[in-house]
Amino acid sequence: MSINMTIIGQIISFTIFVWICMKFVWPPLTAALAERQKKIAEGLDAADKAARDLEAAQQSVEAELQKSKAQAAELIEQANKRANQIVDEAKTAAQSEGDRIKAAAQAEIEQEVNRAKEALRAQVATLAVAGAEKILGASVDMNNHQELVDKLAAEL
Amino acid sequence: MASDTMTSSYYITHHLTNLTYGNHPEMGWKFAANGQEAQEMGFMAINVDSMLWSVGLGIFFLWLFAKVAKNATTGVPGGAQNFIEMIVEFVDENVKSVFHHKNSMIAPMSLTIFVWVFLMNLMDLIPVDWIPHATYLMGIPYMKIVPSTDLNVTLGMSVAVFVLIIFYSIQQKGIGGFMAELSLQPLGKWALPFNLFLELVGLLAKPISLALRLFGNMYAGEMIFILIALLPFWAQWLLSVPWALFHILVITLQAFIFMVLSIVYLAMAHDHH
């Protein structure tokens with residue numbers, strides 16, 4: 001085992017290899033590593049941002065939902081109130097219409113009764129004259145006894 | 001491959017001898033026929049197998065990583081990219097936890113050290129006879145396939161790191177600052193020679209310990225694989241399997257230690273006292 005020129009050869013090859021490694025191997029590899037590191041960091045940032053956005057969106061959705069729920073409740077209440085009102089109005093209208101119809105019917109009935117009474121009076125007068133003629137055996141002069149008959153009819 | 005025709009010591013020596021090409025004082029430039037001739041060649045020789053495997057694995061590392069880097073997507077990574085990115089992030093984290101200065105060289109250097117040393121150590125897990133025996137049949141007498149069991153290789157890397165330590169020390173603190181750091185502590189200016197001696201020893205110990213630690217671990221591991229291979233073939237798995245499993249830990253740990261210590265040393269070179 002002796003030292004010889006191999007040591008010089010090894011020094012030269014070592015120097016050349018280190019130089020090549022420094023020139024052509026190390027920079028692209030570390031550049032790729034750094035680039036990927038940056039990419040990953042950006043990706044993580046984006047993911048964080050997306051998560052925050054999602055949370056914000058969920059919150060606004062929640063708020064919106066609450067608002068529309070409240071609105072819907074208000075609308076329903078209004079509608080209920082309006083419906084009650086309409087029912088009340090309809091009741092009142094029906095009541096008054098009923099009263100009116102009833103009153104009209106009553107008036108007509110009264111009228112009818114009066115007309116019937118009149119007719120009956122007239123017929124009673126005729127019947128009374130006829131009866132009296134039969135009883136008296138003679139005709140009653142309508143003209144002479146008109147006043148009497150009318151008086152009778154009015155008394156009926 | 002402990003056949004009857006070769007002795008155990010020959011087998012071990014054979015496995016621990018590099019394929020060396022060099023200038024022999026008597027026979028000129030040639031491949032060393034044995035360890036003895038390689039010794040005689042002295043410094044003017046090169047371990048061809050160490051260089052081939054080490055450079056080959058370095059190119060494999062760069063090819064693999066560059067291929068992934070070229071197609072690197074910033075989206076969802078595929079299997080290969082995921083694996084490569086895991087290693088890159090692991091190295092980057094280690095660098096960031098130790099090295100707090102601005103220097104675009106440290107991290108790629110650490111990645112190169114970690115993966116390259118790991119791949120060189122990984123060759124240790126290929127059964128010791130496969131490749132040497134194959135090349136032996138092809139007429140190549142020696143083939144040590146684990147470059148990190150060659151002291152030249154580990155020392156080469158640690159010396160390169162050492163040069164960087166000196167360079168950045170001077171760049172960051174100036175010649176004067178660096179000299180002051182070496183000579184004015186720990187005992188103050190009245191013990192200057194003592195300080196200088198202490199600091200120089202400390203400074204030189206850095207590359208030497210770095211190289212010897214890796215070399216020693218891998219050499220010892222390889223040695224044990226070779227010794228296990230000397231057992232009868234039906235008994236080898238009993239020891240080689242547990243040792244290989246344990247060795248997976250060792251090779252990763254040694255690659256990691258080499259990387260971390262290099263970062264620490266360079267961070268110290270940048271620190272002002």
# chains A, B, ... in the order shown; residues from 1 in each chain; ligands from 1
>>> interface_residues(of="chain B", to="chain A", cutoff="8 Å", atoms="only C-alpha atoms", output="PyMOL selection string")
chain B and resi 17+39+42-48+50-51+54-55+58-59+62+65-66+69-70+72-75+85+88+104-105+107-109+112+150-153+155-157+159-160
>>> residues_around(residues="B:Phe197", least_positions_apart="5", cutoff="12 Å", atoms="only C-alpha atoms", output="list in words")
Leu182, Ser183, Leu184, Gln185, Pro186, Leu187, Ala191, Leu192, Gly202, Leu203 and Leu204 of chain B
>>> atom_distance(atom1="atom CA of A:Glu42", atom2="atom CA of B:Lys96")
24.1 Å
>>> residues_around(residues="B:Ala267", least_positions_apart="3", cutoff="8 Å", atoms="only C-alpha atoms", output="mmCIF file with N, CA, C and O atoms, in the first residue's frame")
data_model
loop_
_atom_site.group_PDB
_atom_site.id
_atom_site.type_symbol
_atom_site.label_atom_id
_atom_site.label_comp_id
_atom_site.auth_asym_id
_atom_site.auth_seq_id
_atom_site.Cartn_x
_atom_site.Cartn_y
_atom_site.Cartn_z
ATOM 1 N N VAL B 98 -25.147 22.811 10.046
ATOM 2 C CA VAL B 98 -23.763 22.978 10.498
ATOM 3 C C VAL B 98 -23.140 24.245 9.927
ATOM 4 O O VAL B 98 -22.415 24.955 10.607
ATOM 5 N N PHE B 99 -23.455 24.514 8.671
ATOM 6 C CA PHE B 99 -22.749 25.569 7.942
ATOM 7 C C PHE B 99 -23.665 26.778 7.785
ATOM 8 O O PHE B 99 -24.672 26.726 7.094
ATOM 9 N N HIS B 100 -23.324 27.886 8.460
ATOM 10 C CA HIS B 100 -24.242 29.024 8.487
ATOM 11 C C HIS B 100 -23.772 30.202 7.646
ATOM 12 O O HIS B 100 -24.289 31.297 7.775
ATOM 13 N N HIS B 101 -22.776 29.971 6.808
ATOM 14 C CA HIS B 101 -22.290 31.064 5.962
ATOM 15 C C HIS B 101 -22.865 30.914 4.574
ATOM 16 O O HIS B 101 -23.504 29.932 4.249
ATOM 17 N N ILE B 263 -18.006 19.208 6.059
ATOM 18 C CA ILE B 263 -18.802 20.428 6.264
ATOM 19 C C ILE B 263 -18.328 21.163 7.514
ATOM 20 O O ILE B 263 -18.157 22.388 7.515
ATOM 21 N N VAL B 264 -18.105 20.384 8.579
ATOM 22 C CA VAL B 264 -17.687 21.007 9.846
ATOM 23 C C VAL B 264 -16.359 21.725 9.672
ATOM 24 O O VAL B 264 -16.188 22.877 10.104
ATOM 25 N N HIS B 270 -14.637 29.069 7.879
ATOM 26 C CA HIS B 270 -15.369 30.325 7.654
ATOM 27 C C HIS B 270 -15.572 31.115 8.943
ATOM 28 O O HIS B 270 -15.811 32.310 8.893
ATOM 29 N N ASP B 271 -15.502 30.427 10.081
ATOM 30 C CA ASP B 271 -15.787 31.102 11.348
ATOM 31 C C ASP B 271 -14.630 31.999 11.768
ATOM 32 O O ASP B 271 -13.469 31.618 11.670
#
>>> atom_distance(atom1="atom CA of B:Gly188", atom2="atom CA of B:Leu210")
28.7 Å
>>> atom_distance(atom1="atom CA of B:Glu89", atom2="atom CA of B:Leu111")
9.8 Å
>>> residues_around(residues="B:Arg213", least_positions_apart="3", cutoff="9 Å", atoms="only C-alpha atoms", output="CSV table (one decimal) with N, CA and C atoms, in the first residue's frame")
chain,number,residue,atom,x,y,z
B,154,THR,N,-8.9,7.8,-0.7
B,154,THR,CA,-9.5,8.5,0.4
B,154,THR,C,-8.7,9.8,0.7
B,208,ILE,N,-5.9,14.0,7.5
B,208,ILE,CA,-5.3,12.7,7.7
B,208,ILE,C,-6.3,11.8,8.4
B,209,SER,N,-7.0,12.3,9.4
B,209,SER,CA,-8.0,11.5,10.1
B,209,SER,C,-9.2,11.2,9.2
B,210,LEU,N,-9.5,12.2,8.4
B,210,LEU,CA,-10.6,12.0,7.5
B,210,LEU,C,-10.4,10.9,6.5
B,216,GLY,N,-9.5,3.0,6.8
B,216,GLY,CA,-9.4,1.9,7.8
B,216,GLY,C,-10.7,1.1,7.9
B,217,ASN,N,-11.8,1.8,7.9
B,217,ASN,CA,-13.1,1.0,8.0
B,217,ASN,C,-13.3,0.1,6.8
B,218,MET,N,-13.1,0.7,5.7
B,218,MET,CA,-13.4,-0.1,4.5
B,218,MET,C,-12.4,-1.2,4.3
B,254,GLN,N,-20.0,5.7,7.2
B,254,GLN,CA,-18.7,6.3,6.8
B,254,GLN,C,-18.9,7.4,5.8
B,258,PHE,N,-17.8,11.2,6.6
B,258,PHE,CA,-16.9,11.9,5.7
B,258,PHE,C,-17.5,13.2,5.3
>>> residues_around(residues="A:Lys151", least_positions_apart="5", cutoff="12 Å", atoms="only C-alpha atoms", output="list of chain:residue names")
A:Arg121, A:Ala122, A:Val124, A:Ala125, A:Ala128, A:His145, A:Gln146, A:Leu156
>>> residues_around(residues="B:Val146", least_positions_apart="3", cutoff="6 Å", atoms="only C-alpha atoms", output="short mmCIF file (atom, residue, chain, number, x, y, z; two decimals) with C-alpha atoms, in the first residue's frame")
data_model
loop_
_atom_site.label_atom_id
_atom_site.label_comp_id
_atom_site.auth_asym_id
_atom_site.auth_seq_id
_atom_site.Cartn_x
_atom_site.Cartn_y
_atom_site.Cartn_z
CA MET B 120 -17.45 3.44 -3.65
CA MET B 123 -18.70 -2.02 -4.07
CA ASP B 124 -17.67 -3.78 -0.88
CA THR B 149 -9.97 0.62 0.36
#
>>> select_by_dssp(residues="stretch 19-163 of chain B", states="alpha helix (DSSP H)", output="JSON, numbers by chain")
{"B": [35, 36, 37, 38, 39, 40, 41, 48, 49, 50, 51, 52, 53, 54, 55, 56, 57, 58, 59, 60, 61, 62, 63, 64, 65, 66, 67, 68, 69, 70, 79, 80, 81, 82, 83, 84, 85, 86, 87, 88, 89, 90, 91, 92, 93, 94, 95, 96, 97, 98, 106, 107, 108, 109, 110, 111, 112, 113, 114, 115, 116, 117, 118, 119, 120, 121, 122, 130, 131, 132, 133, 134, 135, 136, 137, 151, 152, 153, 154, 155, 156, 157, 158, 159, 160, 161, 162, 163]}
